[in-house]
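Peer 1: Pasting in a structure now, in C-alpha cells, and then I'll have a few things to ask.
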Amino acid sequence: MPPKFLFTDLGGVLLTNGWDHSSRECAAEHFGLDPHELQRRHEAVFPNYEQGFNTLDEYLEFAVFHEQRSFTSAEFREFMMRQSLPYPEMIDYVKALKAKHNLKVVAVSNEGRELAQYRIDTYDLSSFIDVFIVSAFVGRRKPYEDIYRLALEVANARKEEVVYLDDRQMLAQGATVYGLDGIWHRNLELPPELPTRESINIEFCFSFKRLSS
C-alpha cells in the first residue's frame with residue numbers, strides 16, 4: 001500500500017545538525033576553548049541533555065562554564081542557536097510530498113529541548129510537521145525501539161504505512177530492523193518535478209538510498 005506517514009529526522013534532513021562536532025569545533029575556535037576538553041565534557045553530559053534529563057544551562061555549566069570565561073552563557077547560547085540552518089529544498093520537497101499524497105509528517109529526532117524548540121519555532125516546522133517526537137520531549141532516544149513505538153502510537157500509524165528518513169545510515173537501518181521502511185538520506189539532489197507514480201516510495205528513489213530492498 002502507498003505510505004500514509006512520513007517519519008523524518010530533523011538534523012541532516014530538513015535542517016543542519018543542531019550541535020554536532022563541526023559546530024563545537026567552530027565554537028571552540030570562536031570562544032578560544034580547548035576543543036578536546038570541550039569534546040570530553042560534551043560527551044559526558046550531552047546524552048542526558050538530549051534525553052531531557054538536564055536543561056541547556058546545566059549542560060553549559062558542565063561543558064563550558066566549569067571555569068571563569070570572558071564571555072557569558074547568553075552569548076554562547078546565541079552562538080549555538082545560530083548553527084541551526086534550514087535546507088529549504090528539502091523542506092519544500094517534503095511539503096510537496098505531504099500535499100500530493102495527503103501524508104502525515106512526524107519528526108523523530110534526538111534533540112535537546114531548548115535547541116529543538118528554537119529550531120521548530122525559527123523555521124516554522126509545525127506548519128507542515130504534524131507530530132514532534134523529540135528525545136528531550138519524550139525521554140526516549142534513537143536508536144532504541146521505544147521511541148519508534150511511541151511515534152507509531154502517537155501518530156496512530158501502522159509500521160507498514162510508514163516511510164522513515166534519516167541522514168545516519170545506522171539509524172535508518174535500525175528503523176528498518178524495527179519494521180519501518182527506512183531510507184538513508186544521503187544528499188539534497190532532488191528530481192526536477194515530482195513523478196506521477198502512486199507510491200511515494202518510487203519518488204524517494206530519485207534522491208534517497210532504500211535500505212529495505
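Identifiers in this document derive from the order of the C-alpha cells: chains are assigned A, B, ..., residues are numbered from 1 separately in each chain, and ligands are numbered from 1 in order of occurrence.
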Please provide as a PyMOL selection string all residues within 10 Å of A:Ser127, with the sequence filter that same-chain residues fewer than 5 positions apart are discarded (counting only C-alpha atoms).

Peer 2: chain A and resi 95+120-121

Peer 1: Convert the current residue selection to file output with all heavy atoms, as a compact mmCIF listing (two decimals), in the first residue's frame.

Peer 2:
# COMPACT_ATOMS: atom_id res chain seq x y z
N LYS A 95 7.12 19.25 1.94
CA LYS A 95 5.81 19.90 1.87
C LYS A 95 5.05 19.45 0.63
O LYS A 95 3.83 19.21 0.69
CB LYS A 95 5.99 21.43 1.86
CG LYS A 95 6.38 22.04 3.19
CD LYS A 95 6.52 23.55 3.05
CE LYS A 95 6.83 24.22 4.38
NZ LYS A 95 7.00 25.69 4.24
N ILE A 120 12.22 24.49 15.85
CA ILE A 120 10.81 24.38 15.46
C ILE A 120 10.20 25.76 15.25
O ILE A 120 9.49 25.99 14.25
CB ILE A 120 10.03 23.59 16.54
CG1 ILE A 120 10.49 22.13 16.56
CG2 ILE A 120 8.53 23.69 16.28
CD1 ILE A 120 9.99 21.35 17.75
N ASP A 121 10.45 26.66 16.18
CA ASP A 121 9.85 28.00 16.10
C ASP A 121 10.47 28.84 14.99
O ASP A 121 9.76 29.50 14.23
CB ASP A 121 10.01 28.72 17.44
CG ASP A 121 9.22 28.08 18.55
OD1 ASP A 121 8.31 27.28 18.26
OD2 ASP A 121 9.53 28.35 19.73

Peer 1: What lies within 10 Å of A:Ala155 using only C-alpha atoms, ignoring chain neighbours under 5 positions off, as a PyMOL selection string?

Peer 2: chain A and resi 5+7+104-106+130-133+149-150

Peer 1: Go ahead and write the selection's residues with N, CA, C and O atoms as a PDB file, in the first residue's frame.

Peer 2:
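Saved file result05.pdb follows:
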ATOM      1  N   PHE A   5       2.273   7.857   6.134  1.00  0.00           N
ATOM      2  CA  PHE A   5       3.020   8.643   7.109  1.00  0.00           C
ATOM      3  C   PHE A   5       4.472   8.774   6.668  1.00  0.00           C
ATOM      4  O   PHE A   5       5.092   7.796   6.235  1.00  0.00           O
ATOM      5  N   PHE A   7       7.827   9.631   8.461  1.00  0.00           N
ATOM      6  CA  PHE A   7       8.610   9.891   9.666  1.00  0.00           C
ATOM      7  C   PHE A   7       9.971  10.392   9.214  1.00  0.00           C
ATOM      8  O   PHE A   7      10.584   9.808   8.322  1.00  0.00           O
ATOM      9  N   LYS A 104       0.760  12.362   6.640  1.00  0.00           N
ATOM     10  CA  LYS A 104       1.024  12.913   7.953  1.00  0.00           C
ATOM     11  C   LYS A 104       2.538  12.868   8.159  1.00  0.00           C
ATOM     12  O   LYS A 104       3.161  11.820   7.946  1.00  0.00           O
ATOM     13  N   VAL A 105       3.114  13.983   8.553  1.00  0.00           N
ATOM     14  CA  VAL A 105       4.560  14.069   8.737  1.00  0.00           C
ATOM     15  C   VAL A 105       4.873  14.070  10.226  1.00  0.00           C
ATOM     16  O   VAL A 105       4.291  14.853  10.996  1.00  0.00           O
ATOM     17  N   VAL A 106       5.769  13.182  10.633  1.00  0.00           N
ATOM     18  CA  VAL A 106       6.131  13.016  12.041  1.00  0.00           C
ATOM     19  C   VAL A 106       7.640  13.157  12.178  1.00  0.00           C
ATOM     20  O   VAL A 106       8.396  12.429  11.537  1.00  0.00           O
ATOM     21  N   ASP A 130       3.247  17.345  11.588  1.00  0.00           N
ATOM     22  CA  ASP A 130       2.045  17.149  12.391  1.00  0.00           C
ATOM     23  C   ASP A 130       2.350  16.730  13.825  1.00  0.00           C
ATOM     24  O   ASP A 130       1.606  17.080  14.744  1.00  0.00           O
ATOM     25  N   VAL A 131       3.433  15.964  14.022  1.00  0.00           N
ATOM     26  CA  VAL A 131       3.768  15.428  15.340  1.00  0.00           C
ATOM     27  C   VAL A 131       5.272  15.530  15.545  1.00  0.00           C
ATOM     28  O   VAL A 131       6.044  15.223  14.624  1.00  0.00           O
ATOM     29  N   PHE A 132       5.688  15.951  16.733  1.00  0.00           N
ATOM     30  CA  PHE A 132       7.103  16.013  17.074  1.00  0.00           C
ATOM     31  C   PHE A 132       7.400  15.002  18.177  1.00  0.00           C
ATOM     32  O   PHE A 132       6.956  15.174  19.312  1.00  0.00           O
ATOM     33  N   ILE A 133       8.140  13.962  17.817  1.00  0.00           N
ATOM     34  CA  ILE A 133       8.643  13.001  18.794  1.00  0.00           C
ATOM     35  C   ILE A 133      10.128  13.306  18.953  1.00  0.00           C
ATOM     36  O   ILE A 133      10.989  12.748  18.255  1.00  0.00           O
ATOM     37  N   ARG A 149       8.270   3.104  18.564  1.00  0.00           N
ATOM     38  CA  ARG A 149       6.966   2.586  19.002  1.00  0.00           C
ATOM     39  C   ARG A 149       6.067   3.717  19.487  1.00  0.00           C
ATOM     40  O   ARG A 149       4.878   3.776  19.168  1.00  0.00           O
ATOM     41  N   LEU A 150       6.656   4.654  20.244  1.00  0.00           N
ATOM     42  CA  LEU A 150       5.880   5.802  20.705  1.00  0.00           C
ATOM     43  C   LEU A 150       5.400   6.648  19.526  1.00  0.00           C
ATOM     44  O   LEU A 150       4.251   7.109  19.506  1.00  0.00           O
TER      45      LEU A 150
END

Peer 1: Give me the residues of stretch 60-136 of chain A that have any atom at most 12 Å from an atom of stretch 168-187 of chain A; for each, the nearest atom pair and the distance in Å, rounded to one decimal. Use only C-alpha atoms, sort by chain and number, and format it as JSON lines.

Peer 2:
{"residue": "A:Tyr87", "atom": "CA", "partner": "A:Asn187", "partner_atom": "CA", "distance": 10.8}
{"residue": "A:Glu89", "atom": "CA", "partner": "A:Asn187", "partner_atom": "CA", "distance": 11.0}
{"residue": "A:Met90", "atom": "CA", "partner": "A:Asn187", "partner_atom": "CA", "distance": 9.7}
{"residue": "A:Val108", "atom": "CA", "partner": "A:Ala175", "partner_atom": "CA", "distance": 10.8}
{"residue": "A:Ser109", "atom": "CA", "partner": "A:Leu171", "partner_atom": "CA", "distance": 10.5}
{"residue": "A:Asn110", "atom": "CA", "partner": "A:Leu171", "partner_atom": "CA", "distance": 10.9}

Peer 1: Could the residues in this selection be saved with N, CA and C atoms as a PDB file, in the first residue's frame?

Peer 2:
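File written: result_23.pdb
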ATOM      1  N   TYR A  87      17.448  23.509   5.331  1.00  0.00           N
ATOM      2  CA  TYR A  87      17.659  23.051   3.964  1.00  0.00           C
ATOM      3  C   TYR A  87      16.364  23.348   3.205  1.00  0.00           C
ATOM      4  N   GLU A  89      15.373  23.396   0.140  1.00  0.00           N
ATOM      5  CA  GLU A  89      14.917  22.489  -0.914  1.00  0.00           C
ATOM      6  C   GLU A  89      14.242  21.257  -0.330  1.00  0.00           C
ATOM      7  N   MET A  90      14.826  20.738   0.765  1.00  0.00           N
ATOM      8  CA  MET A  90      14.229  19.550   1.379  1.00  0.00           C
ATOM      9  C   MET A  90      12.902  19.883   2.057  1.00  0.00           C
ATOM     10  N   VAL A 108      10.940  12.502  14.134  1.00  0.00           N
ATOM     11  CA  VAL A 108      11.501  11.601  15.151  1.00  0.00           C
ATOM     12  C   VAL A 108      12.979  11.951  15.247  1.00  0.00           C
ATOM     13  N   SER A 109      13.340  12.660  16.309  1.00  0.00           N
ATOM     14  CA  SER A 109      14.656  13.288  16.334  1.00  0.00           C
ATOM     15  C   SER A 109      15.264  13.280  17.725  1.00  0.00           C
ATOM     16  N   ASN A 110      16.582  13.081  17.786  1.00  0.00           N
ATOM     17  CA  ASN A 110      17.334  13.245  19.026  1.00  0.00           C
ATOM     18  C   ASN A 110      17.778  14.698  19.132  1.00  0.00           C
TER      19      ASN A 110
END

Peer 1: Do you have the atom CA of A:Glu78-atom CA of A:Arg140 distance handy?

Peer 2: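 Between atom CA of A:Glu78 and atom CA of A:Arg140 the gap is 26.3 Å.
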
Peer 1: Output as a list in words all residues of stretch 43-164 of chain A that backbone DSSP marks as strand (DSSP E).

Peer 2: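 Strand (DSSP E) assignments inside stretch 43-164 of chain A correspond to Lys104, Val105, Val106, Ala107, Val108, Ser109, Val131, Phe132, Ile133, Val134, Val162, Val163 and Tyr164 of chain A.
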
Peer 1: Could you state the separation of atom CA of A:Asp146 and atom CA of A:Ala99 in Å, given to one decimal place?

Peer 2: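 Rounded to one decimal, the two atoms are 29.0 Å apart.
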
Peer 1: For A:Leu15, which of A:Tyr164, A:Phe53, A:Phe137, A:Tyr123 is the closest residue, counting only C-alpha atoms?

Peer 2: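 With only C-alpha atoms as the atom set, the closest residue is A:Tyr123.
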
Peer 1: To one decimal in Å, tell me the separation between atom CA of A:Arg113 and atom CA of A:Gly139.

Peer 2: 10.4 Å

Peer 1: Quick one: of A:His101, A:Ile91, A:Leu115, A:Tyr144, who's nearest to A:Thr8, counting only C-alpha atoms?

Peer 2: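 Closest residue, counting only C-alpha atoms: A:Ile91.
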
Peer 1: Would you please give, as a ChimeraX atom specification, all residues of stretch 37-126 of chain A that DSSP assigns to alpha helix (DSSP H) based on the backbone?

Peer 2: /A:37-50,56-63,73-82,88-101,113-122

Peer 1: Determine the nearest neighbour of A:Phe76 from the options A:His36, A:Arg119, A:His30, A:Lys98, counting only C-alpha atoms.

Peer 2: A:His30
